Every structure is written in structure tokens, then in C-alpha cells.
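Heads up, run-v2.txt below (compact mmCIF, C-alpha atoms):
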# COMPACT_ATOMS: atom_id res chain seq x y z
CA MET A 10 152.40 113.31 203.55
CA ASN A 11 149.13 113.50 201.66
CA GLN A 12 146.87 110.98 200.02
CA VAL A 13 146.58 111.14 196.23
CA ASP A 14 143.11 111.54 194.67
CA ASP A 15 141.50 110.27 197.89
CA ARG A 16 142.98 106.84 197.27
CA PRO A 17 144.06 104.84 200.33
CA GLU A 18 147.64 104.99 201.49
CA ILE A 19 149.82 101.96 200.80
CA ARG A 20 151.14 100.69 204.12
CA PHE A 21 154.78 99.61 203.82
CA GLY A 22 157.03 97.38 205.85
CA ILE A 23 160.80 97.25 205.35
CA LEU A 24 162.65 93.95 205.53
CA GLY A 25 166.06 94.85 206.89
CA THR A 26 168.08 97.92 207.81
CA ALA A 27 170.63 97.98 204.98
CA ARG A 28 172.36 101.21 203.99
CA ILE A 29 170.09 101.80 200.99
CA ALA A 30 167.07 101.77 203.34
CA GLU A 31 168.44 105.04 204.73
CA LYS A 32 167.37 106.60 201.41
CA VAL A 33 164.25 104.68 200.53
CA GLY A 34 162.73 104.59 204.02
CA PRO A 35 162.48 108.40 204.26
CA ALA A 36 161.24 108.46 200.65
CA ILE A 37 158.34 106.19 201.61
CA GLN A 38 157.55 108.54 204.48
CA ALA A 39 157.65 111.57 202.18
CA ALA A 40 155.73 110.06 199.26
CA ASP A 41 152.09 110.88 198.59
CA GLY A 42 149.99 107.75 198.93
CA ALA A 43 152.49 105.85 201.09
CA ARG A 44 152.95 105.20 204.79
CA LEU A 45 155.86 103.44 206.46
CA ASP A 46 154.44 101.40 209.33
CA VAL A 47 157.07 98.87 210.38
CA VAL A 48 160.69 97.86 209.97
CA ALA A 49 162.01 94.35 210.60
CA SER A 50 165.46 93.01 211.33
CA ARG A 51 166.81 89.64 212.32
CA ASN A 52 168.01 91.51 215.42
CA GLY A 53 165.18 93.07 217.41
CA ASP A 54 167.42 95.70 219.03
CA ARG A 55 168.66 96.83 215.63
CA ALA A 56 165.10 97.11 214.35
CA ARG A 57 164.10 99.23 217.36
CA GLU A 58 167.12 101.51 216.96
CA TRP A 59 166.40 101.99 213.26
CA ALA A 60 162.70 102.67 213.88
CA ASN A 61 163.50 105.22 216.58
CA ALA A 62 166.07 106.96 214.41
CA HIS A 63 163.65 107.22 211.47
CA GLN A 64 160.37 107.81 213.30
CA VAL A 65 158.85 104.51 212.21
CA PRO A 66 155.88 103.54 214.41
CA ARG A 67 156.73 99.87 214.85
CA SER A 68 159.69 97.50 214.77
CA VAL A 69 159.70 93.70 214.84
CA GLU A 70 162.24 90.92 215.04
CA GLY A 71 162.11 88.66 212.00
CA TYR A 72 161.04 89.38 208.44
CA ARG A 73 158.22 86.86 208.53
CA ARG A 74 156.29 89.01 210.99
CA VAL A 75 156.00 91.74 208.36
CA ILE A 76 155.03 89.26 205.64
CA ASP A 77 152.26 87.85 207.85
CA ASP A 78 151.00 91.25 209.07
CA PRO A 79 147.48 91.87 207.67
CA GLU A 80 147.96 95.62 208.16
CA ILE A 81 150.80 95.76 205.62
CA ASP A 82 150.11 96.16 201.88
CA ALA A 83 153.64 96.26 200.46
CA VAL A 84 157.20 95.44 201.41
CA TYR A 85 160.46 97.10 200.51
CA ILE A 86 163.32 94.58 200.33
CA PRO A 87 166.84 96.03 200.76
CA LEU A 88 168.31 92.67 201.80
CA PRO A 89 171.48 91.12 200.29
CA ASN A 90 171.03 90.07 196.66
CA SER A 91 171.02 86.39 197.56
CA MET A 92 167.92 86.89 199.75
CA HIS A 93 165.74 88.80 197.26
CA HIS A 94 164.27 85.73 195.63
CA ALA A 95 163.04 83.94 198.74
CA TRP A 96 161.49 86.98 200.39
CA THR A 97 159.86 88.22 197.20
CA LEU A 98 158.20 84.83 196.76
CA ALA A 99 157.07 84.87 200.39
CA ALA A 100 155.68 88.39 200.03
CA ALA A 101 153.83 87.59 196.80
CA GLU A 102 152.27 84.47 198.32
CA ALA A 103 151.04 86.63 201.20
CA GLY A 104 149.51 89.13 198.78
CA LYS A 105 152.07 91.88 199.44
CA HIS A 106 153.28 94.16 196.66
CA VAL A 107 157.07 94.18 196.33
CA LEU A 108 159.58 96.98 195.84
CA CYS A 109 162.86 95.06 195.70
CA GLU A 110 166.37 96.40 195.45
CA LYS A 111 168.32 95.51 192.34
CA PRO A 112 169.46 93.10 191.13
CA LEU A 113 166.20 91.20 191.45
CA GLY A 114 167.94 87.86 192.05
CA ILE A 115 171.28 86.21 191.60
CA ASP A 116 170.35 85.26 188.03
CA ALA A 117 167.61 85.53 185.42
CA ALA A 118 166.06 82.24 186.47
CA GLU A 119 165.37 83.67 189.92
CA ALA A 120 164.09 86.91 188.41
CA LEU A 121 161.66 85.01 186.18
CA GLU A 122 160.37 83.04 189.17
CA MET A 123 159.88 86.26 191.13
CA ALA A 124 158.02 87.84 188.22
CA ALA A 125 155.82 84.76 187.76
CA ALA A 126 154.94 84.63 191.47
CA CYS A 127 153.95 88.29 191.54
CA ARG A 128 151.80 87.87 188.43
CA GLN A 129 150.16 84.74 189.86
CA HIS A 130 149.20 86.53 193.06
CA GLY A 131 148.24 89.80 191.42
CA VAL A 132 150.84 91.98 193.12
CA GLN A 133 153.14 94.63 191.72
CA LEU A 134 156.87 93.95 191.44
CA MET A 135 159.31 96.80 190.88
CA ASP A 136 163.09 96.89 191.14
CA GLY A 137 164.72 99.82 192.89
CA VAL A 138 166.19 101.61 189.86
CA MET A 139 165.30 105.19 190.76
CA TRP A 140 166.54 107.31 187.88
CA VAL A 141 164.06 105.94 185.34
CA HIS A 142 161.22 107.42 187.43
CA HIS A 143 162.62 110.96 187.46
CA PRO A 144 160.97 113.41 185.01
CA ARG A 145 164.37 113.92 183.39
CA ALA A 146 164.31 110.33 182.11
CA ALA A 147 160.97 111.01 180.41
CA ALA A 148 162.29 114.30 178.97
CA MET A 149 165.37 112.57 177.55
CA LYS A 150 163.26 109.77 176.10
CA GLU A 151 161.03 112.32 174.38
CA GLN A 152 164.10 113.72 172.61
CA LEU A 153 165.15 110.26 171.43
CA VAL A 154 161.67 109.33 170.22
CA ALA A 155 161.25 112.70 168.48
CA GLY A 156 164.39 112.05 166.44
CA ALA A 157 166.50 114.83 167.94
CA ILE A 158 169.67 112.80 167.37
CA GLY A 159 168.51 110.80 164.37
CA GLU A 160 168.59 107.00 164.26
CA LEU A 161 170.12 105.58 167.42
CA ARG A 162 173.47 103.88 166.94
CA ARG A 163 175.37 103.69 170.23
CA VAL A 164 174.96 103.91 174.01
CA THR A 165 178.07 104.45 176.11
CA SER A 166 177.92 104.61 179.90
CA ALA A 167 179.92 104.33 183.10
CA PHE A 168 179.20 103.85 186.76
CA THR A 169 182.16 103.62 189.11
CA PHE A 170 183.26 104.63 192.57
CA ARG A 171 186.49 103.98 194.44
CA PHE A 172 186.95 102.41 197.84
CA ASP A 173 189.43 104.72 199.58
CA GLU A 174 190.58 101.61 201.41
CA ILE A 175 189.44 98.08 200.62
CA PRO A 176 187.35 97.03 203.65
CA ASP A 177 187.92 93.77 205.47
CA TYR A 178 184.29 92.99 204.69
CA ASP A 179 181.74 94.63 202.44
CA ILE A 180 178.62 92.92 201.14
CA ARG A 181 179.47 94.22 197.66
CA LEU A 182 182.71 92.22 197.77
CA ASP A 183 181.15 89.02 199.08
CA PRO A 184 180.62 86.22 196.51
CA ASP A 185 178.26 84.45 198.92
CA THR A 186 175.78 87.34 198.65
CA ALA A 187 176.16 87.71 194.86
CA GLY A 188 178.46 90.72 195.18
CA GLY A 189 180.50 92.34 192.43
CA SER A 190 180.52 95.53 190.41
CA LEU A 191 178.32 94.17 187.61
CA GLY A 192 175.32 93.49 189.82
CA ASP A 193 175.89 96.56 191.99
CA LEU A 194 176.84 99.17 189.36
CA GLY A 195 176.72 97.62 185.89
CA TRP A 196 173.03 96.85 186.40
CA TYR A 197 172.35 100.58 185.97
CA CYS A 198 174.39 100.75 182.77
CA CYS A 199 172.50 97.76 181.37
CA ARG A 200 169.23 99.46 182.27
CA ALA A 201 170.35 102.67 180.54
CA THR A 202 171.04 100.71 177.36
CA LEU A 203 167.70 98.89 177.61
CA TRP A 204 165.97 102.23 178.24
CA ALA A 205 167.51 103.77 175.12
CA PHE A 206 167.23 100.83 172.70
CA ASP A 207 164.08 99.09 174.03
CA ALA A 208 165.66 95.75 173.16
CA LEU A 209 168.02 93.06 174.36
CA PRO A 210 171.42 92.65 172.69
CA THR A 211 172.02 89.74 170.36
CA ARG A 212 175.49 89.02 171.79
CA VAL A 213 177.82 90.40 174.43
CA PHE A 214 181.42 90.34 175.57
CA ALA A 215 182.84 91.31 178.96
CA THR A 216 186.19 91.25 180.68
CA ALA A 217 186.66 91.67 184.41
CA ARG A 218 189.33 91.95 187.09
CA MET A 219 188.43 89.58 189.88
CA PHE A 220 189.08 90.22 193.57
CA ARG A 221 188.04 87.95 196.43
CA GLY A 222 185.84 85.99 194.08
CA VAL A 223 183.87 88.95 192.65
CA ASP A 224 184.42 91.34 189.76
CA MET A 225 186.18 94.44 191.08
CA ASN A 226 185.71 96.07 187.69
CA LEU A 227 184.17 95.05 184.38
CA SER A 228 184.11 96.38 180.84
CA ALA A 229 181.41 95.32 178.40
CA LEU A 230 180.49 95.37 174.71
CA LEU A 231 176.94 94.66 173.53
CA TRP A 232 175.82 94.11 169.94
CA TYR A 233 172.26 94.85 168.74
CA ASP A 234 170.26 94.60 165.54
CA ASP A 235 169.97 97.63 163.22
CA GLN A 236 173.63 98.70 163.36
CA ARG A 237 173.48 99.45 167.09
CA MET A 238 176.11 98.83 169.76
CA ALA A 239 176.63 99.68 173.42
CA SER A 240 179.54 99.68 175.82
CA PHE A 241 180.05 100.44 179.47
CA ASP A 242 182.45 100.04 182.34
CA CYS A 243 181.74 99.67 186.04
CA GLY A 244 183.94 99.14 189.06
CA PHE A 245 184.94 99.83 192.61
CA ASP A 246 188.42 101.18 191.81
CA VAL A 247 187.84 104.38 189.80
CA GLU A 248 186.60 107.74 191.07
CA LEU A 249 182.85 108.40 190.97
CA ARG A 250 181.45 108.49 187.42
CA LYS A 251 177.77 108.09 186.53
CA TRP A 252 177.19 109.26 182.98
CA PHE A 253 175.82 108.08 179.66
CA GLU A 254 175.77 109.20 176.05
CA VAL A 255 173.28 108.09 173.42
CA ALA A 256 174.69 108.74 169.95
CA GLY A 257 172.76 108.77 166.68
CA THR A 258 173.08 109.62 163.03
CA ALA A 259 172.34 113.32 163.64
CA GLY A 260 173.75 114.04 167.08
CA SER A 261 174.13 112.82 170.63
CA LEU A 262 172.39 113.15 173.98
CA VAL A 263 174.67 113.42 177.01
CA CYS A 264 173.76 113.12 180.68
CA ASP A 265 176.74 113.44 183.01
CA ASP A 266 174.95 112.31 186.19
CA PHE A 267 172.07 110.10 185.12
CA LEU A 268 171.85 108.17 188.40
CA LYS A 269 171.38 111.28 190.48
CA PRO A 270 171.93 114.94 189.60
CA TRP A 271 175.14 116.45 190.93
CA ASP A 272 173.07 119.59 191.51
CA GLN A 273 169.58 118.63 192.70
CA ASP A 274 168.30 121.99 191.44
CA LYS A 275 169.60 121.33 187.91
CA PRO A 276 168.73 117.86 186.60
CA ARG A 277 170.11 118.56 183.14
CA PHE A 278 171.18 116.95 179.90
CA TRP A 279 172.61 118.18 176.61
CA ILE A 280 172.05 117.64 172.89
CA HIS A 281 175.05 117.95 170.56
CA ASP A 282 175.37 117.87 166.79
CA ARG A 283 178.42 117.97 164.53
CA ASN A 284 178.87 121.68 165.24
CA GLY A 285 178.78 121.37 169.01
CA LEU A 286 176.20 122.08 171.68
CA VAL A 287 172.66 122.47 170.40
CA GLY A 288 170.97 122.99 173.74
CA GLU A 289 171.00 122.38 177.48
CA HIS A 290 167.77 120.97 178.89
CA LEU A 291 166.60 121.30 182.49
CA ALA A 292 163.96 119.03 183.99
CA PRO A 293 161.70 119.39 187.06
CA THR A 294 163.37 118.70 190.38
CA PRO A 295 161.49 116.13 192.47
CA ILE A 296 163.44 113.70 194.65
CA GLN A 297 163.78 110.59 192.51
CA GLU A 298 163.42 108.15 195.41
CA VAL A 299 160.09 109.78 196.32
CA THR A 300 158.92 109.75 192.69
CA MET A 301 159.73 106.04 192.43
CA VAL A 302 157.64 105.24 195.52
CA GLU A 303 154.77 107.41 194.31
CA ASN A 304 154.75 105.68 190.93
CA PHE A 305 154.71 102.32 192.69
CA CYS A 306 151.79 103.38 194.88
CA ARG A 307 149.79 104.71 191.93
CA ALA A 308 150.11 101.36 190.16
CA VAL A 309 149.02 99.49 193.28
CA THR A 310 146.05 101.69 194.14
CA SER A 311 144.83 101.88 190.53
CA GLY A 312 144.82 98.12 190.20
CA GLU A 313 146.57 98.53 186.83
CA LEU A 314 149.80 96.72 187.54
CA ARG A 315 152.81 97.69 185.43
CA GLN A 316 154.07 94.66 183.55
CA ASP A 317 156.67 96.83 181.77
CA TRP A 318 158.51 97.42 185.05
CA ILE A 319 158.71 93.68 185.62
CA ASP A 320 159.80 93.04 182.02
CA ASP A 321 162.55 95.68 182.29
CA ALA A 322 163.88 94.18 185.52
CA VAL A 323 163.99 90.67 184.05
CA ALA A 324 165.60 91.92 180.85
CA THR A 325 168.27 93.77 182.81
CA GLN A 326 169.01 90.62 184.77
CA THR A 327 169.24 88.68 181.51
CA MET A 328 171.84 91.14 180.19
CA CYS A 329 173.86 90.95 183.40
CA ASP A 330 173.78 87.14 183.34
CA ALA A 331 175.11 87.03 179.80
CA LEU A 332 177.89 89.49 180.63
CA ALA A 333 178.86 87.53 183.74
CA ARG A 334 179.10 84.33 181.67
CA SER A 335 181.18 86.13 179.08
CA ALA A 336 183.62 87.46 181.69
CA HIS A 337 183.91 84.00 183.25
CA ARG A 338 184.43 82.18 179.94
CA GLU A 339 186.43 84.98 178.30
CA GLN A 340 184.38 84.70 175.13
CA VAL A 341 181.53 86.30 173.25
CA ILE A 342 178.13 85.07 174.42
CA GLU A 343 175.12 84.83 172.16
CA LEU A 344 171.97 85.60 174.08
CA GLY A 345 170.01 82.42 174.39
CA ASP A 346 173.18 80.35 175.05
Rewrite the coordinates I just gave you, this time as C-alpha cells.
Amino acid sequence: MNQVDDRPEIRFGILGTARIAEKVGPAIQAADGARLDVVASRNGDRAREWANAHQVPRSVEGYRRVIDDPEIDAVYIPLPNSMHHAWTLAAAEAGKHVLCEKPLGIDAAEALEMAAACRQHGVQLMDGVMWVHHPRAAAMKEQLVAGAIGELRRVTSAFTFRFDEIPDYDIRLDPDTAGGSLGDLGWYCCRATLWAFDALPTRVFATARMFRGVDMNLSALLWYDDQRMASFDCGFDVELRKWFEVAGTAGSLVCDDFLKPWDQDKPRFWIHDRNGLVGEHLAPTPIQEVTMVENFCRAVTSGELRQDWIDDAVATQTMCDALARSAHREQVIELGD
């Protein structure tokens, strides 16, 4: 691990030992400009075990001890969705920068409060959507902006995986922790649409199959200005799919594994026109979790906080909220309702 441009390392603490921390914790350790100093758990033994397994120097019992630690600059929050809001506010008030797992909160109101608190205290807020930080995302965006597929008309995406056996308990199936496929998987599809169109939809419709009080799967339609539409499906009952297509008046851009390359050595995408394949594009191959952390650290150390990251996270939450209301009411929802 090296420092970037002689800037100080950002000292991280992790609040919790959730499964996703198994990816992001090592990414913090590998990232230039970052250092993972401490992990916290409500159970001190669990924190010690996790720290020992991942070569983290310190472990503590209780999240507040990380928040109050003057040696810590930033926190990573992989806690259940229902806990993101409270601990982000606590971190911001303590002057800690916040890398928070998605979704930011249980609804857009919470996300807006989190964003406002981070702005008030001058700290960076970022949600943990990794793929947008990979160089492939920038390469694909360049194609869209350059007009490679003409005027954009439609975004279609999917993110699903299948439980081989429905577990007796899984946080993703728990309504008390804001579980469900929309917040867990559909969030990424909403972000892909936002990334492509740079706008919120004007109205949405969603239908879902409910299970144990959460959406086991969900299908969505989103209407936009300028003759644009989007659709996606997400769920816990279909084999792994993680693709999107952006279609325009002159062609389409296809990425079959936008959340993480199937082949880490070939982060690719394709451009098609009416006659078929125009070209296959390959991007550089950094680890996207590491790139996300490095981007976060650059914003923090530069003092030029990225409002666009916060805006994108809030906008994604706004889309998910509208879709959840639509699925619940079984009707089209105008944004702003």
C-alpha cells in the first residue's frame, strides 16, 4: 500500500462484520491512500476474530468507539439497511467521512437527511456502488456521449441471483431491516439507468412477488422525457444475471456483466448497429472495489468533496422509493407524488 502524491493516508474504521465487508475491507487495505485501522462489532469476540482473520490492527466492541476515535478519518458502514441512517449521521457529526453500503437509507427522506448532515459537517458521503468507479464505466460513457449509438432511447437491465434453498433467515429477506430485491439488486439497475440518462424518470410502474413481507422479485418500467424509457427486473429466484443494454437511434451498447466482469482480465462491452457487431471494447483491469476506495480517498484528501456522488445516491433512492410505492399500490406513480 502506497501513499498517493505524498498525501496523507485516510485512516478507516469498519462498523460491523457483514459479508460485504469481506470484499471492501481488503480493498481498503490494498488501496493507495487508505489504511484500515480498526473494525467494530456489537460482539467484541466477533470483532477480534474478524480483525485477526483480516490482519486489522485493532478491534473494538461497539460502533460508537470508532465514531469517537480521534485517530479515525473515515468509516465504512456495511450494517443492515435500517441502520445506515443513524450511523451516518453520527459519523458526520463526529467529522468522519462516510462510505456507506447501498441503499443509503430505507427511503429518500433518510437519504436526504444523510446527505444534508454530511454537507453540514463538510465530510464526503459515497454509497458503495462499485461498478461506476471502474474505468470500463468511463469508457462506456465516452461512447454514449460521443454519439456512438445515436440519441439514447432505452435502457434495459437485469440483476438476479437464485437462492438454492430459501434460508430460514437472511437479512435480505427481512422486512425489519428493509430487505427485498429492489433495495438489494434493483438499486444497481436504477443506478445504471441514472448513469445512462443523467435524469430521473417522470413516472414509474412496478410489479412484485412478495415473500415474507419483502419483494422476492420485481419488474419495473420507467418513463422519461425525450422519448426515453427504461425497464429492468431483479430478484432472488432466477439464476445470476447482471447485464444492461443502452439502445439508441443508431445502435446499442451491451455490457453482459456490468456489476463485475465475469473474466477479471477482460472487462468488456460491445457496440452493435443494425448490421450486427461493430466492435468489442476492452477496458483496463483494476479491482473495482479498490478503485472505489481510491476515488473516495482522493476526494477526501483533496478537500474537493464530490457532490455528484451524493446526488446520484439520493436520486437512486428516489427511484427505488417510487418503484416500491408503485408495486405496493399496483399503479403508475408520478415522481413527486
Contacts of His106 (chain A) within 12 Å, only C-alpha atoms, excl. fewer than 5 positions in-chain, as a PyMOL selection string: chain A and resi 19-23+76+81-86+96-101+123-124+126-128+130-136+302+305-306+308-310+312+314-315
Please list as a PDB file with C-alpha atoms, in the coordinates of the input every residue within 8 Å of region 24-27 of chain A, counting only C-alpha atoms and excluding residues in the same chain fewer than 4 positions away.
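Writing the result to selection_21.pdb gives the following:
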ATOM      1  CA  GLU A  31     168.440 105.040 204.730  1.00  0.00           C
ATOM      2  CA  VAL A  48     160.690  97.860 209.970  1.00  0.00           C
ATOM      3  CA  ALA A  49     162.010  94.350 210.600  1.00  0.00           C
ATOM      4  CA  SER A  50     165.460  93.010 211.330  1.00  0.00           C
ATOM      5  CA  ARG A  51     166.810  89.640 212.320  1.00  0.00           C
ATOM      6  CA  ARG A  55     168.660  96.830 215.630  1.00  0.00           C
ATOM      7  CA  ALA A  56     165.100  97.110 214.350  1.00  0.00           C
ATOM      8  CA  TRP A  59     166.400 101.990 213.260  1.00  0.00           C
ATOM      9  CA  TYR A  72     161.040  89.380 208.440  1.00  0.00           C
ATOM     10  CA  VAL A  75     156.000  91.740 208.360  1.00  0.00           C
ATOM     11  CA  VAL A  84     157.200  95.440 201.410  1.00  0.00           C
ATOM     12  CA  TYR A  85     160.460  97.100 200.510  1.00  0.00           C
ATOM     13  CA  ILE A  86     163.320  94.580 200.330  1.00  0.00           C
ATOM     14  CA  PRO A  87     166.840  96.030 200.760  1.00  0.00           C
ATOM     15  CA  LEU A  88     168.310  92.670 201.800  1.00  0.00           C
TER      16      LEU A  88
END
Give me the residues near region 202-213 of chain A as a PyMOL selection string, where near means some atom within 10 Å (using only C-alpha atoms) and where sequence neighbours in that chain fewer than 6 positions away do not count. chain A and resi 141+146+149-150+153-154+161-166+229-234+237-241+253-255+321-322+324-325+327-329+331-336+340-346
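Note that the spacing between CA of Asp179 (chain A) and CA of Gly244 (chain A) amounts to 14.3 Å.
Nearest residue to Pro144 (chain A), choosing from A:Thr186, A:Gln316, A:Thr294, A:Ser68 and counting only C-alpha atoms: A:Thr294.
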Determine the nearest neighbour of Asp330 (chain A) from the options A:Val69, A:Leu191, A:Ala259, A:Ala95, counting only C-alpha atoms.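 Using only C-alpha atoms, Asp330 (chain A) sits closest to A:Leu191.
Note that CA of Pro89 (chain A) and CA of Asp320 (chain A) are 21.8 Å apart.
Taking only C-alpha atoms into account, Asp224 (chain A) lies nearest to A:His337 out of the set A:Gln326, A:Arg283, A:Glu313, A:His337.
Here CA of Ala30 (chain A) and CA of Asn61 (chain A) stand 14.1 Å from one another.
In this comparison, which uses all atoms listed in the file, the residue of A:Glu289, A:Glu339, A:Asp185, A:Asp41 approaching Ser91 (chain A) most closely is A:Asp185.
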Which residue of A:Ala187, A:Thr216, A:Gly137, A:Trp252 approaches Val107 (chain A) most closely, using all atoms listed in the file: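 Once distances to Val107 (chain A) are computed over all atoms listed in the file, the minimum belongs to A:Gly137.
Take the candidates A:Gly222, A:Gly189, A:Pro276, A:Gly34 and check each one against Cys264 (chain A) using only C-alpha atoms; the shortest distance goes to A:Pro276.
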When you get a chance, write out N, CA and C atoms for region 221-238 of chain A, as a PDB file, keeping the file's coordinate frame.
ATOM      1  N   ARG A 221     188.783  88.671 195.388  1.00  0.00           N
ATOM      2  CA  ARG A 221     188.040  87.950 196.430  1.00  0.00           C
ATOM      3  C   ARG A 221     186.810  87.223 195.869  1.00  0.00           C
ATOM      4  N   GLY A 222     186.913  86.765 194.654  1.00  0.00           N
ATOM      5  CA  GLY A 222     185.840  85.990 194.080  1.00  0.00           C
ATOM      6  C   GLY A 222     184.726  86.787 193.429  1.00  0.00           C
ATOM      7  N   VAL A 223     184.866  88.122 193.338  1.00  0.00           N
ATOM      8  CA  VAL A 223     183.870  88.950 192.650  1.00  0.00           C
ATOM      9  C   VAL A 223     184.591  89.858 191.659  1.00  0.00           C
ATOM     10  N   ASP A 224     183.829  90.426 190.725  1.00  0.00           N
ATOM     11  CA  ASP A 224     184.420  91.340 189.760  1.00  0.00           C
ATOM     12  C   ASP A 224     184.610  92.713 190.403  1.00  0.00           C
ATOM     13  N   MET A 225     185.862  93.109 190.547  1.00  0.00           N
ATOM     14  CA  MET A 225     186.180  94.440 191.080  1.00  0.00           C
ATOM     15  C   MET A 225     185.876  95.504 190.048  1.00  0.00           C
ATOM     16  N   ASN A 226     186.136  95.185 188.777  1.00  0.00           N
ATOM     17  CA  ASN A 226     185.710  96.070 187.690  1.00  0.00           C
ATOM     18  C   ASN A 226     185.377  95.220 186.480  1.00  0.00           C
ATOM     19  N   LEU A 227     184.617  95.798 185.567  1.00  0.00           N
ATOM     20  CA  LEU A 227     184.170  95.050 184.380  1.00  0.00           C
ATOM     21  C   LEU A 227     183.955  96.032 183.244  1.00  0.00           C
ATOM     22  N   SER A 228     184.369  95.611 182.055  1.00  0.00           N
ATOM     23  CA  SER A 228     184.110  96.380 180.840  1.00  0.00           C
ATOM     24  C   SER A 228     183.325  95.501 179.873  1.00  0.00           C
ATOM     25  N   ALA A 229     182.355  96.114 179.187  1.00  0.00           N
ATOM     26  CA  ALA A 229     181.410  95.320 178.400  1.00  0.00           C
ATOM     27  C   ALA A 229     181.191  95.922 177.019  1.00  0.00           C
ATOM     28  N   LEU A 230     180.958  95.024 176.047  1.00  0.00           N
ATOM     29  CA  LEU A 230     180.490  95.370 174.710  1.00  0.00           C
ATOM     30  C   LEU A 230     179.199  94.609 174.446  1.00  0.00           C
ATOM     31  N   LEU A 231     178.227  95.283 173.827  1.00  0.00           N
ATOM     32  CA  LEU A 231     176.940  94.660 173.530  1.00  0.00           C
ATOM     33  C   LEU A 231     176.559  94.982 172.094  1.00  0.00           C
ATOM     34  N   TRP A 232     176.217  93.950 171.328  1.00  0.00           N
ATOM     35  CA  TRP A 232     175.820  94.110 169.940  1.00  0.00           C
ATOM     36  C   TRP A 232     174.297  93.981 169.811  1.00  0.00           C
ATOM     37  N   TYR A 233     173.703  94.828 168.960  1.00  0.00           N
ATOM     38  CA  TYR A 233     172.260  94.850 168.740  1.00  0.00           C
ATOM     39  C   TYR A 233     171.965  94.776 167.247  1.00  0.00           C
ATOM     40  N   ASP A 234     170.715  94.501 166.923  1.00  0.00           N
ATOM     41  CA  ASP A 234     170.260  94.600 165.540  1.00  0.00           C
ATOM     42  C   ASP A 234     170.282  96.062 165.096  1.00  0.00           C
ATOM     43  N   ASP A 235     170.123  96.287 163.791  1.00  0.00           N
ATOM     44  CA  ASP A 235     169.970  97.630 163.220  1.00  0.00           C
ATOM     45  C   ASP A 235     171.186  98.508 163.449  1.00  0.00           C
ATOM     46  N   GLN A 236     172.381  97.944 163.328  1.00  0.00           N
ATOM     47  CA  GLN A 236     173.630  98.700 163.360  1.00  0.00           C
ATOM     48  C   GLN A 236     173.878  99.384 164.707  1.00  0.00           C
ATOM     49  N   ARG A 237     173.337  98.827 165.781  1.00  0.00           N
ATOM     50  CA  ARG A 237     173.480  99.450 167.090  1.00  0.00           C
ATOM     51  C   ARG A 237     174.478  98.671 167.953  1.00  0.00           C
ATOM     52  N   MET A 238     175.187  99.423 168.801  1.00  0.00           N
ATOM     53  CA  MET A 238     176.110  98.830 169.760  1.00  0.00           C
ATOM     54  C   MET A 238     176.032  99.620 171.065  1.00  0.00           C
TER      55      MET A 238
END
